[in-house]
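Okay, query.cif now, which holds mmCIF, C-alpha atoms:
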data_input
loop_
_atom_site.label_atom_id
_atom_site.label_comp_id
_atom_site.auth_asym_id
_atom_site.auth_seq_id
_atom_site.Cartn_x
_atom_site.Cartn_y
_atom_site.Cartn_z
CA MET A 6 16.29 -40.93 3.07
CA SER A 7 17.13 -38.55 0.22
CA PRO A 8 20.10 -36.22 0.80
CA HIS A 9 18.05 -33.11 0.00
CA ILE A 10 15.62 -34.00 2.80
CA ASP A 11 18.54 -34.31 5.24
CA HIS A 12 19.87 -30.91 4.14
CA PHE A 13 16.40 -29.34 4.41
CA ARG A 14 16.01 -30.80 7.92
CA ALA A 15 19.40 -29.38 8.91
CA ALA A 16 18.39 -25.92 7.63
CA ILE A 17 15.23 -26.02 9.78
CA ALA A 18 17.23 -27.03 12.85
CA ALA A 19 19.82 -24.31 12.17
CA ALA A 20 17.00 -21.73 12.27
CA GLY A 21 16.20 -22.76 15.85
CA ILE A 22 13.09 -24.80 15.01
CA SER A 23 12.54 -28.45 15.95
CA PRO A 24 12.27 -30.16 12.52
CA PRO A 25 9.35 -32.53 11.88
CA ASP A 26 9.64 -36.26 11.28
CA PRO A 27 8.99 -37.34 8.60
CA ILE A 28 9.47 -34.60 5.99
CA GLU A 29 7.47 -34.97 2.76
CA ASP A 30 8.89 -33.54 -0.47
CA ASP A 31 5.52 -33.39 -2.28
CA GLY A 32 5.35 -29.59 -2.68
CA ALA A 33 2.35 -29.31 -0.34
CA LEU A 34 2.31 -27.12 2.77
CA HIS A 35 2.59 -29.11 6.01
CA ARG A 36 2.23 -27.93 9.60
CA PHE A 37 4.22 -29.28 12.52
CA SER A 38 5.25 -28.55 16.09
CA SER A 39 8.03 -25.98 16.04
CA ASN A 40 8.98 -26.55 19.69
CA GLY A 41 8.47 -30.29 20.07
CA LYS A 42 5.15 -30.01 21.96
CA PRO A 43 2.35 -32.14 20.41
CA SER A 44 -0.28 -29.40 20.80
CA ASN A 45 1.84 -26.89 18.89
CA LYS A 46 1.24 -26.51 15.13
CA ASP A 47 2.95 -23.18 14.55
CA GLY A 48 5.70 -24.62 12.34
CA TRP A 49 5.17 -25.07 8.61
CA TYR A 50 7.14 -26.21 5.58
CA ALA A 51 6.77 -27.04 1.90
CA LEU A 52 9.44 -28.94 -0.06
CA HIS A 53 9.72 -29.83 -3.75
CA GLY A 54 11.97 -32.85 -4.31
CA ASP A 55 11.91 -33.05 -8.11
CA GLY A 56 14.34 -31.16 -10.35
CA VAL A 57 16.37 -28.77 -8.23
CA PRO A 58 15.11 -29.43 -4.66
CA ALA A 59 13.70 -26.26 -3.11
CA GLY A 60 11.46 -25.36 -0.24
CA SER A 61 10.41 -22.89 2.39
CA PHE A 62 9.77 -23.18 6.12
CA GLY A 63 8.97 -21.03 9.11
CA CYS A 64 7.12 -20.54 12.37
CA TRP A 65 3.95 -18.47 12.72
CA ARG A 66 4.61 -17.88 16.42
CA GLU A 67 8.13 -16.53 15.87
CA GLY A 68 7.28 -14.70 12.64
CA LEU A 69 10.09 -16.62 10.92
CA THR A 70 10.21 -17.43 7.20
CA GLN A 71 13.18 -18.88 5.30
CA ILE A 72 13.73 -20.14 1.76
CA TRP A 73 15.96 -23.15 1.02
CA CYS A 74 17.40 -24.48 -2.23
CA GLY A 75 19.51 -27.53 -2.98
CA LYS A 76 21.75 -25.48 -5.29
CA SER A 77 23.26 -22.02 -5.14
CA ASP A 78 22.28 -19.46 -7.78
CA THR A 79 25.70 -19.73 -9.41
CA ASP A 80 25.33 -23.51 -9.85
CA MET A 81 21.93 -23.32 -11.57
CA THR A 82 21.24 -22.84 -15.24
CA GLN A 83 19.00 -19.96 -16.31
CA ALA A 84 16.13 -22.40 -16.83
CA GLU A 85 16.62 -23.86 -13.34
CA GLN A 86 16.69 -20.38 -11.84
CA GLU A 87 13.39 -19.53 -13.51
CA VAL A 88 11.78 -22.77 -12.25
CA HIS A 89 13.13 -21.99 -8.77
CA ARG A 90 11.66 -18.47 -8.84
CA GLN A 91 8.26 -19.81 -9.89
CA ARG A 92 8.34 -22.40 -7.11
CA ILE A 93 9.19 -19.80 -4.50
CA LYS A 94 6.28 -17.65 -5.68
CA ALA A 95 3.97 -20.65 -5.41
CA LEU A 96 5.30 -21.48 -1.92
CA GLN A 97 4.75 -17.90 -0.78
CA ALA A 98 1.20 -17.97 -2.12
CA GLN A 99 0.58 -21.24 -0.25
CA ARG A 100 1.96 -19.78 2.95
CA ASN A 101 -0.08 -16.57 2.66
CA ALA A 102 -3.28 -18.50 1.92
CA ASP A 103 -2.64 -20.80 4.87
CA GLN A 104 -2.01 -17.83 7.17
CA VAL A 105 -5.23 -16.14 6.07
CA GLN A 106 -7.17 -19.36 6.68
CA ARG A 107 -5.53 -19.92 10.07
CA GLN A 108 -6.34 -16.41 11.20
CA HIS A 109 -9.90 -16.71 9.89
CA ASP A 110 -10.45 -19.99 11.78
CA ALA A 111 -8.82 -18.58 14.92
CA SER A 112 -11.04 -15.48 14.79
CA HIS A 113 -14.21 -17.60 14.66
CA ALA A 114 -12.98 -19.90 17.45
CA ALA A 115 -12.05 -16.87 19.58
CA ALA A 116 -15.48 -15.31 19.03
CA ALA A 117 -17.21 -18.55 20.07
CA LEU A 118 -15.11 -18.85 23.24
CA TRP A 119 -15.61 -15.16 24.04
CA ALA A 120 -19.39 -15.58 23.76
CA GLN A 121 -19.35 -18.46 26.27
CA ALA A 122 -17.26 -16.58 28.83
CA ALA A 123 -18.67 -14.46 31.66
CA PRO A 124 -17.47 -10.97 32.67
CA ALA A 125 -14.50 -11.25 35.02
CA THR A 126 -14.72 -10.06 38.60
CA ALA A 127 -12.09 -8.25 40.64
CA ASP A 128 -11.74 -11.23 43.00
CA HIS A 129 -10.16 -13.39 40.30
CA VAL A 130 -6.87 -14.70 41.71
CA TYR A 131 -4.69 -12.98 39.09
CA LEU A 132 -6.50 -9.63 39.23
CA ALA A 133 -6.47 -9.62 43.03
CA ARG A 134 -2.74 -10.37 43.10
CA LYS A 135 -2.04 -7.55 40.63
CA GLY A 136 -4.41 -5.17 42.42
CA VAL A 137 -6.36 -4.15 39.29
CA GLN A 138 -9.95 -4.18 38.01
CA PRO A 139 -11.18 -6.38 35.11
CA HIS A 140 -11.62 -3.57 32.53
CA GLY A 141 -13.65 -5.60 30.06
CA VAL A 142 -11.90 -8.98 30.22
CA ARG A 143 -13.86 -12.18 30.76
CA GLU A 144 -13.49 -15.45 32.66
CA PHE A 145 -13.71 -18.96 31.25
CA GLY A 146 -13.17 -21.45 34.01
CA GLU A 147 -10.15 -20.22 35.94
CA ARG A 148 -8.62 -18.42 32.95
CA LEU A 149 -8.99 -14.77 32.07
CA LEU A 150 -9.72 -13.99 28.42
CA VAL A 151 -8.31 -10.74 27.05
CA PRO A 152 -9.74 -9.77 23.61
CA MET A 153 -7.35 -8.84 20.80
CA ARG A 154 -8.98 -6.36 18.41
CA ASP A 155 -7.87 -4.10 15.58
CA THR A 156 -8.59 -0.35 15.36
CA ALA A 157 -11.99 -1.14 13.78
CA GLY A 158 -12.98 -3.19 16.83
CA THR A 159 -12.89 -6.57 15.07
CA LEU A 160 -12.05 -9.48 17.39
CA HIS A 161 -9.13 -11.45 15.93
CA SER A 162 -7.88 -13.56 18.81
CA LEU A 163 -7.64 -13.95 22.58
CA GLN A 164 -4.92 -14.00 25.18
CA THR A 165 -5.54 -16.31 28.13
CA ILE A 166 -4.10 -15.60 31.57
CA ALA A 167 -4.01 -18.41 34.13
CA THR A 168 -4.23 -17.88 37.88
CA ASP A 169 -0.44 -18.20 38.15
CA GLY A 170 0.06 -15.51 35.47
CA THR A 171 0.92 -17.86 32.60
CA LYS A 172 -0.11 -16.21 29.33
CA ARG A 173 -1.00 -17.93 26.07
CA PHE A 174 -2.23 -16.71 22.71
CA HIS A 175 -5.07 -18.43 20.89
CA SER A 176 -3.41 -20.74 18.34
CA GLY A 177 -3.22 -19.30 14.83
CA GLY A 178 -4.74 -15.94 15.74
CA ARG A 179 -3.50 -12.61 14.49
CA ILE A 180 -1.35 -10.64 16.93
CA LYS A 181 0.26 -7.94 14.79
CA GLY A 182 -1.42 -4.58 15.37
CA CYS A 183 -4.08 -6.00 17.73
CA TYR A 184 -4.67 -4.66 21.23
CA HIS A 185 -7.12 -4.49 24.12
CA ALA A 186 -8.54 -1.03 24.79
CA ILE A 187 -9.02 0.26 28.33
CA GLY A 188 -10.92 3.55 28.49
CA LYS A 189 -11.53 6.07 25.70
CA PRO A 190 -8.87 8.50 24.44
CA ALA A 191 -9.29 12.05 25.74
CA GLY A 192 -6.22 13.94 24.61
CA ALA A 193 -3.79 11.04 24.97
CA VAL A 194 -3.53 7.27 24.73
CA VAL A 195 -0.92 5.02 26.31
CA VAL A 196 0.50 1.90 24.64
CA ALA A 197 1.66 -0.71 27.18
CA GLU A 198 2.78 -4.33 27.00
CA GLY A 199 0.70 -6.39 29.44
CA PHE A 200 -2.88 -6.26 30.73
CA ALA A 201 -2.03 -5.70 34.40
CA THR A 202 0.45 -2.97 33.42
CA GLY A 203 -2.15 -1.24 31.24
CA ALA A 204 -4.84 -1.54 33.91
CA SER A 205 -2.55 0.01 36.54
CA ILE A 206 -1.68 2.91 34.23
CA HIS A 207 -5.33 3.63 33.49
CA GLU A 208 -6.34 3.48 37.16
CA CYS A 209 -3.44 5.71 38.25
CA THR A 210 -3.53 8.32 35.47
CA GLY A 211 -6.97 8.14 33.87
CA HIS A 212 -5.38 7.81 30.42
CA ALA A 213 -6.87 5.46 27.86
CA VAL A 214 -4.58 2.46 27.35
CA ALA A 215 -3.97 0.06 24.47
CA VAL A 216 -2.58 -3.25 25.74
CA ALA A 217 -0.21 -4.57 23.05
CA PHE A 218 0.48 -7.94 24.80
CA ASN A 219 4.23 -8.08 24.12
CA ALA A 220 7.21 -5.86 23.35
CA GLY A 221 7.34 -6.95 19.70
CA ASN A 222 3.80 -5.70 19.10
CA VAL A 223 4.14 -2.31 20.82
CA GLN A 224 5.30 -0.46 17.70
CA GLU A 225 2.68 -2.14 15.50
CA VAL A 226 -0.08 -1.00 17.85
CA ALA A 227 1.38 2.50 18.14
CA LEU A 228 1.48 2.83 14.34
CA ALA A 229 -2.10 1.57 14.02
CA LEU A 230 -3.27 4.14 16.59
CA ARG A 231 -1.31 6.92 14.90
CA SER A 232 -3.07 6.07 11.63
CA LYS A 233 -6.48 6.19 13.34
CA TYR A 234 -5.73 9.26 15.50
CA PRO A 235 -3.23 11.46 13.56
CA GLU A 236 -3.32 14.31 16.08
CA LEU A 237 -3.58 12.31 19.31
CA LYS A 238 -0.77 12.35 21.85
CA ILE A 239 0.67 8.83 22.12
CA ILE A 240 2.68 7.80 25.18
CA VAL A 241 4.53 4.50 25.07
CA ALA A 242 4.92 2.89 28.50
CA ALA A 243 8.17 0.97 28.66
CA ASP A 244 8.87 -2.18 30.61
CA ASP A 245 12.34 -1.61 32.07
CA ASP A 246 13.82 -5.11 31.65
CA HIS A 247 17.00 -4.11 33.48
CA LEU A 248 18.10 -7.69 34.16
CA THR A 249 17.47 -8.92 30.60
CA GLU A 250 20.31 -8.61 28.09
CA GLY A 251 19.69 -5.69 25.77
CA ASN A 252 16.68 -4.48 27.83
CA PRO A 253 14.16 -5.34 25.04
CA GLY A 254 11.23 -3.67 26.79
CA LEU A 255 12.93 -0.27 26.93
CA VAL A 256 14.55 -0.56 23.48
CA LYS A 257 11.33 -1.51 21.69
CA ALA A 258 9.28 1.08 23.56
CA SER A 259 11.77 3.80 22.57
CA ALA A 260 11.63 2.68 18.93
CA ALA A 261 7.83 2.73 19.00
CA ALA A 262 7.73 6.25 20.47
CA LEU A 263 10.15 7.47 17.80
CA ALA A 264 8.13 5.81 15.02
CA VAL A 265 4.94 7.72 15.91
CA ASN A 266 6.54 10.94 17.11
CA GLY A 267 5.27 10.12 20.57
CA PHE A 268 6.43 10.24 24.18
CA LEU A 269 8.17 7.67 26.36
CA ALA A 270 7.30 6.91 30.00
CA VAL A 271 9.70 4.75 32.02
CA PRO A 272 9.00 3.34 35.52
CA VAL A 273 11.35 4.87 38.13
CA PHE A 274 11.80 2.61 41.17
CA GLY A 275 14.56 4.40 43.03
CA THR A 276 17.44 2.82 44.93
CA ASP A 277 15.42 0.11 46.73
CA ARG A 278 14.12 -1.45 43.53
CA PRO A 279 13.23 -5.17 43.78
CA ASP A 280 15.09 -7.29 41.23
CA LYS A 281 11.92 -8.55 39.52
CA ALA A 282 10.26 -5.13 39.32
CA THR A 283 10.12 -4.06 35.66
CA ASP A 284 6.75 -2.55 34.70
CA PHE A 285 4.21 0.00 35.90
CA ASN A 286 2.12 -2.58 37.75
CA ASP A 287 5.23 -3.46 39.74
CA LEU A 288 5.80 0.26 40.37
CA TYR A 289 2.17 0.76 41.43
CA GLN A 290 2.41 -2.06 43.97
CA PHE A 291 5.88 -0.94 45.11
CA ALA A 292 5.45 2.85 45.35
CA GLY A 293 1.77 3.70 44.84
CA VAL A 294 -0.45 5.80 42.55
CA THR A 295 1.39 9.12 42.90
CA VAL A 296 4.74 7.79 41.68
CA VAL A 297 3.13 6.15 38.64
CA ARG A 298 1.31 9.38 37.80
CA GLN A 299 4.54 11.39 38.11
CA CYS A 300 6.28 9.10 35.61
CA PHE A 301 3.65 9.95 33.00
CA GLU A 302 3.71 13.64 33.82
CA LYS A 303 7.47 13.52 33.09
CA ALA A 304 7.10 11.52 29.85
CA THR A 305 9.33 13.00 27.13
CA ALA A 306 10.16 12.38 23.50
CA PRO A 307 12.87 9.69 23.33
CA ALA A 308 16.32 10.76 22.22
CA VAL A 309 17.55 9.35 18.92
CA ALA A 310 21.07 9.00 20.29
CA GLU A 311 23.02 10.18 23.28
CA ASP A 312 25.74 12.71 22.51
CA ALA A 313 29.16 12.09 23.95
CA ASP A 314 31.79 14.80 24.27
CA ALA A 315 35.03 13.20 23.10
CA ASN A 316 37.01 16.35 23.90
CA ASP A 317 36.27 16.72 27.59
CA SER A 318 38.41 19.61 28.83
CA GLY A 319 38.73 18.02 32.27
CA ASN A 320 40.24 14.84 30.89
CA SER A 321 43.89 16.04 31.22
CA GLY A 322 44.87 13.92 28.23
CA ALA A 323 44.16 10.59 29.96
CA TRP A 324 42.21 7.86 28.17
CA PRO A 325 38.76 7.30 29.76
CA ASP A 326 37.61 3.84 30.82
CA PRO A 327 36.04 1.96 27.88
CA THR A 328 32.25 2.18 27.72
CA PRO A 329 30.55 -1.16 26.95
CA LEU A 330 28.82 -1.29 23.57
CA PRO A 331 25.01 -1.44 23.87
CA ASP A 332 23.48 -4.87 23.33
CA GLY A 333 20.13 -3.64 22.00
CA LEU A 334 19.42 -2.70 18.41
CA PRO A 335 19.14 1.04 17.73
CA PRO A 336 15.62 2.28 16.99
CA VAL A 337 14.76 2.84 13.34
CA ALA A 338 12.16 5.43 12.40
CA ALA A 339 9.25 4.25 10.28
CA PHE A 340 9.56 5.06 6.58
CA ASP A 341 7.71 8.23 5.55
CA LEU A 342 6.04 7.83 2.15
CA ALA A 343 6.21 11.61 1.75
CA LEU A 344 9.91 11.12 0.98
CA LEU A 345 8.95 9.50 -2.32
CA PRO A 346 7.84 11.31 -5.48
CA PHE A 347 4.04 11.33 -5.51
CA ALA A 348 3.89 9.25 -8.71
CA LEU A 349 5.71 6.35 -7.00
CA ARG A 350 3.86 6.24 -3.67
CA GLY A 351 0.84 4.16 -4.67
CA TRP A 352 2.95 1.66 -6.61
CA VAL A 353 5.54 1.24 -3.84
CA THR A 354 2.85 0.91 -1.15
CA ASP A 355 0.85 -1.62 -3.17
CA ILE A 356 3.87 -3.89 -3.67
CA ALA A 357 4.83 -3.66 0.01
CA GLU A 358 1.30 -4.56 1.15
CA ARG A 359 0.96 -7.45 -1.29
CA MET A 360 4.36 -8.89 -0.39
CA GLN A 361 3.97 -8.15 3.35
CA CYS A 362 7.33 -6.42 3.58
CA PRO A 363 8.38 -3.00 4.91
CA PRO A 364 7.83 -0.16 2.40
CA ASP A 365 11.52 0.76 2.89
CA PHE A 366 12.53 -2.26 0.77
CA THR A 367 10.41 -1.33 -2.24
CA ALA A 368 11.09 2.41 -1.91
CA VAL A 369 14.88 1.97 -1.94
CA GLY A 370 14.74 -0.24 -5.01
CA ALA A 371 12.40 2.12 -6.85
CA ILE A 372 14.52 5.23 -6.21
CA VAL A 373 17.80 3.54 -7.20
CA ALA A 374 16.19 2.13 -10.37
CA LEU A 375 14.84 5.57 -11.24
CA SER A 376 18.26 7.16 -10.75
CA SER A 377 19.82 4.63 -13.11
CA LEU A 378 17.41 5.74 -15.83
CA ILE A 379 18.37 9.38 -15.31
CA GLY A 380 22.01 8.33 -15.54
CA ALA A 381 24.41 10.92 -16.94
CA ARG A 382 21.66 13.29 -17.98
CA ALA A 383 22.01 15.04 -14.62
CA VAL A 384 25.48 16.05 -13.50
CA VAL A 385 27.12 18.04 -10.72
CA LYS A 386 29.61 20.81 -11.57
CA PRO A 387 31.59 21.49 -8.37
CA LYS A 388 33.45 24.49 -9.84
CA ALA A 389 31.76 27.67 -11.04
CA HIS A 390 34.40 28.46 -13.68
CA ASP A 391 35.38 25.01 -14.87
CA ASP A 392 33.83 22.37 -17.14
CA TRP A 393 34.54 19.59 -14.64
CA ALA A 394 31.34 17.51 -14.35
CA VAL A 395 30.61 14.64 -11.98
CA VAL A 396 27.86 12.07 -12.58
CA PRO A 397 26.16 11.34 -9.23
CA ASN A 398 25.67 7.59 -8.80
CA LEU A 399 22.97 6.63 -6.31
CA TRP A 400 23.53 3.45 -4.33
CA GLY A 401 20.99 1.75 -2.08
CA ALA A 402 20.82 -1.23 0.27
CA VAL A 403 18.12 -2.91 2.31
CA VAL A 404 18.92 -4.50 5.67
CA GLY A 405 16.86 -7.20 7.33
CA ARG A 406 17.06 -10.70 8.79
CA PRO A 407 16.61 -13.76 6.53
CA GLY A 408 13.08 -14.36 5.28
CA VAL A 409 11.72 -10.80 5.43
CA MET A 410 11.29 -10.60 1.63
CA LYS A 411 14.29 -8.42 0.80
CA SER A 412 15.18 -10.03 -2.53
CA PRO A 413 11.59 -10.59 -3.75
CA ALA A 414 10.71 -6.97 -2.93
CA LEU A 415 13.68 -5.62 -4.88
CA ALA A 416 12.96 -7.99 -7.77
CA GLU A 417 9.39 -6.69 -8.00
CA VAL A 418 10.28 -2.99 -8.19
CA LEU A 419 13.06 -3.71 -10.69
CA LYS A 420 10.68 -5.38 -13.15
CA PRO A 421 10.04 -2.17 -15.17
CA LEU A 422 13.80 -1.61 -15.43
CA HIS A 423 14.31 -5.18 -16.59
CA GLN A 424 11.58 -4.74 -19.21
CA LEU A 425 13.35 -1.66 -20.56
CA GLU A 426 16.63 -3.57 -20.60
CA LYS A 427 14.97 -6.42 -22.48
CA ALA A 428 13.55 -4.05 -25.10
CA GLU A 429 16.93 -2.35 -25.58
CA ARG A 430 18.69 -5.70 -25.83
CA GLU A 431 16.28 -6.82 -28.54
CA LEU A 432 16.99 -3.63 -30.51
CA TRP A 433 20.72 -4.19 -30.04
CA GLN A 434 20.41 -7.79 -31.16
CA VAL A 435 18.71 -6.74 -34.43
CA ALA A 436 21.45 -4.18 -35.11
CA HIS A 437 24.16 -6.68 -34.16
CA ASP A 438 22.71 -9.34 -36.48
CA ALA A 439 22.61 -6.82 -39.32
CA TRP A 440 26.23 -5.87 -38.64
CA GLU A 441 27.29 -9.53 -38.66
CA LEU A 442 25.47 -10.04 -41.97
CA ASP A 443 27.25 -7.03 -43.46
CA CYS A 444 30.57 -8.42 -42.29
#

For the structure just supplied, provide its representation as C-alpha cells.
Amino acid sequence: MSPHIDHFRAAIAAAGISPPDPIEDDGALHRFSSNGKPSNKDGWYALHGDGVPAGSFGCWREGLTQIWCGKSDTDMTQAEQEVHRQRIKALQAQRNADQVQRQHDASHAAAALWAQAAPATADHVYLARKGVQPHGVREFGERLLVPMRDTAGTLHSLQTIATDGTKRFHSGGRIKGCYHAIGKPAGAVVVAEGFATGASIHECTGHAVAVAFNAGNVQEVALALRSKYPELKIIVAADDDHLTEGNPGLVKASAAALAVNGFLAVPVFGTDRPDKATDFNDLYQFAGVTVVRQCFEKATAPAVAEDADANDSGNSGAWPDPTPLPDGLPPVAAFDLALLPFALRGWVTDIAERMQCPPDFTAVGAIVALSSLIGARAVVKPKAHDDWAVVPNLWGAVVGRPGVMKSPALAEVLKPLHQLEKAERELWQVAHDAWELDC
C-alpha cells in the first residue's frame, strides 16, 4: 500500500471516524460507513494520489469536513501550491454536489414514506408513555414519523421514533434549520429539542412550538424563525443536561436565545429532582401542568455573562475558594450584517452562502483588507497641540474548528486585494527593468 494512503487513513482515524478499507486514490468521491456499521454511509472521502497527494474527507452526520495534503505549504513549490488549491476547489465542488444530491434523494424518499404512513394515535406506546398527543406525526408500523420541514413548509426529511424511544434521522436528509411545527404562532413561538418536550410545552402553555430535534439545531431553527417572523417573541426551551459535562442543552439554548434576541425558559425541578429528569416533558410528568406554565411565564433574556465582584467587602482579605472553570463554550451572538458598510454586504453575504461558511469569516477578511487599502491616509492625533500622528492598524482573526472553511473564505475576500497587488507589482517590475537597463 502506498505511504500516502496510510497517512490519509491515519488522518481519518485521528478525526474520530472509522476509516474505510480499501481507500482509492482516484480523485473520485467515495462514501463509507463512518461508524463501522454496514448500513451507515455518512462518511465520504476523495483522494488524489498523483503529483502531491491531497484529499478531503468528512462525515455528513457529524457535520465534519477536513482537508489533507501529503506536503506542508512550506515544502511545496508555487506550482504545486496552485495545483493543490485547484484540487481542493474541485473536491469541495464534488462534496457540495454530492450533498445536494443526497438531500434531494432523501427528500423524495421521505415524502414517499410519509405518504404511506397513517396518522398516529395517542395510544401509541411512546406517546402514551410520554403522556402527549400526536400533534401531526404519523405511524409506519411501530415507528412514529416526525416530519422535518423548513419555514416554507417543504418536507426535507423524517425522524423516526421507536416504541422504546430510540430516534433516528432519515439517511442523507437535511437537518439544519428544519423543524416540526406544533400549533400556530400567536404572539410567541417556542423552540424545543425533542418532540415529546415540544408537545408537552404546547399542551401546558398553548404556545406554538418548533421541534428542532437536537441541541445542535436549536439555534439554526431559531434563526430561521427570526428571519420569517422578525417581530415575533421567541422563547428557547432548554434541556437542563445537569449530569452531562458542559450541560450542552442549556449552553446551546442560551446561545440560541442570545442569537435571536429571544427569551430562555429552563425547567425547574426543585430539590427532589430525579437524576434522569432534564426536559419539560420530564417536568410535566414530575410536577404537572402548572409548574411547566410557570417556567414559561418566568422566561427571561439570557445573560451574556455573570458578573463577579472581586472586591467583596466581607472577604476580610482572605482568598476565596477557587471556582471551577465552566466546561461549556460561551455563547457567540450571530453576526449582524448591519455592522458592515452597505456596499460590502451583498458581496460578503454571497461569498458566505456559496462557500457555506459563517458570514463572520468573510466580513472580517473584507474589513481588514479594506483597512489596508486606506493605510496611512487616515491617522489619529492623540494630542490637540502636537503633530504626533499614529497610523491605526486593524487586525482581524477568525476562529473555528478544522474544516469550517476559514482559509478558503479569507482567500476569496482577499482576491481583489491580491489583484491590486499584482497590478502594482507589474508596474514596479517595468520600472525596475528600466532602472536595471539604465544601470

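Ranking A:Ala227, A:Lys135, A:Thr165, A:Thr283 by their shortest atom-to-atom distance to Glu147 (chain A), with all atoms listed in the file included, puts A:Thr165 first.
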
At a cut-off of 7 Å, using all atoms listed in the file, what residues contact region 124-127 of chain A? Leave out same-chain residues fewer than 2 positions from it and give the result as a PyMOL selection string.
chain A and resi 122+129+132-133+138-139+142-144

Running the PyMOL selection byres ((chain A and resi 111) around 9) on this model by hand, what would come out? Give it as a ChimeraX atom specification.
/A:106-110,112-116,161-162,175-179

CA of Gly251 (chain A) and CA of Arg66 (chain A), how far apart in Å?
21.5 Å

Neighbour list for Ala15 (chain A) as number ranges by chain, cut-off 9 Å, only C-alpha atoms, skip fewer than 5 positions in-chain
A: 10, 20, 24

Once you have the residues from the selection above, write them out as a tab-separated table (two decimals), in the frame of the given file, restricted to C-alpha atoms.
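Written output follows (result_34.tsv):
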chain	number	residue	atom	x	y	z
A	10	ILE	CA	15.62	-34.00	2.80
A	20	ALA	CA	17.00	-21.73	12.27
A	24	PRO	CA	12.27	-30.16	12.52

Identify, on the basis of only C-alpha atoms, every residue whose closest approach to Val195 (chain A) does not exceed 7 Å; exclude the query and any residue fewer than 2 positions from it along the same chain; express the result as a ChimeraX atom specification.
/A:193,197,212-215,239-242

Apply the PyMOL selection byres ((chain A and resi 382) around 12) to the displayed file and report the matching residues as number ranges by chain.
A: 376-381, 383-385, 394-398

Determine the residue membership of the PyMOL selection byres ((chain A and resi 85) around 12) for the file above and supply it as a PyMOL selection string.
chain A and resi 55-59+74-84+86-92

What does the file look like for those residues with C-alpha atoms, as a PDB file, in the frame of the given file?
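Output saved as result_34.pdb:
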ATOM      1  CA  ASP A  55      11.910 -33.050  -8.110  1.00  0.00           C
ATOM      2  CA  GLY A  56      14.340 -31.160 -10.350  1.00  0.00           C
ATOM      3  CA  VAL A  57      16.370 -28.770  -8.230  1.00  0.00           C
ATOM      4  CA  PRO A  58      15.110 -29.430  -4.660  1.00  0.00           C
ATOM      5  CA  ALA A  59      13.700 -26.260  -3.110  1.00  0.00           C
ATOM      6  CA  CYS A  74      17.400 -24.480  -2.230  1.00  0.00           C
ATOM      7  CA  GLY A  75      19.510 -27.530  -2.980  1.00  0.00           C
ATOM      8  CA  LYS A  76      21.750 -25.480  -5.290  1.00  0.00           C
ATOM      9  CA  SER A  77      23.260 -22.020  -5.140  1.00  0.00           C
ATOM     10  CA  ASP A  78      22.280 -19.460  -7.780  1.00  0.00           C
ATOM     11  CA  THR A  79      25.700 -19.730  -9.410  1.00  0.00           C
ATOM     12  CA  ASP A  80      25.330 -23.510  -9.850  1.00  0.00           C
ATOM     13  CA  MET A  81      21.930 -23.320 -11.570  1.00  0.00           C
ATOM     14  CA  THR A  82      21.240 -22.840 -15.240  1.00  0.00           C
ATOM     15  CA  GLN A  83      19.000 -19.960 -16.310  1.00  0.00           C
ATOM     16  CA  ALA A  84      16.130 -22.400 -16.830  1.00  0.00           C
ATOM     17  CA  GLN A  86      16.690 -20.380 -11.840  1.00  0.00           C
ATOM     18  CA  GLU A  87      13.390 -19.530 -13.510  1.00  0.00           C
ATOM     19  CA  VAL A  88      11.780 -22.770 -12.250  1.00  0.00           C
ATOM     20  CA  HIS A  89      13.130 -21.990  -8.770  1.00  0.00           C
ATOM     21  CA  ARG A  90      11.660 -18.470  -8.840  1.00  0.00           C
ATOM     22  CA  GLN A  91       8.260 -19.810  -9.890  1.00  0.00           C
ATOM     23  CA  ARG A  92       8.340 -22.400  -7.110  1.00  0.00           C
TER      24      ARG A  92
END
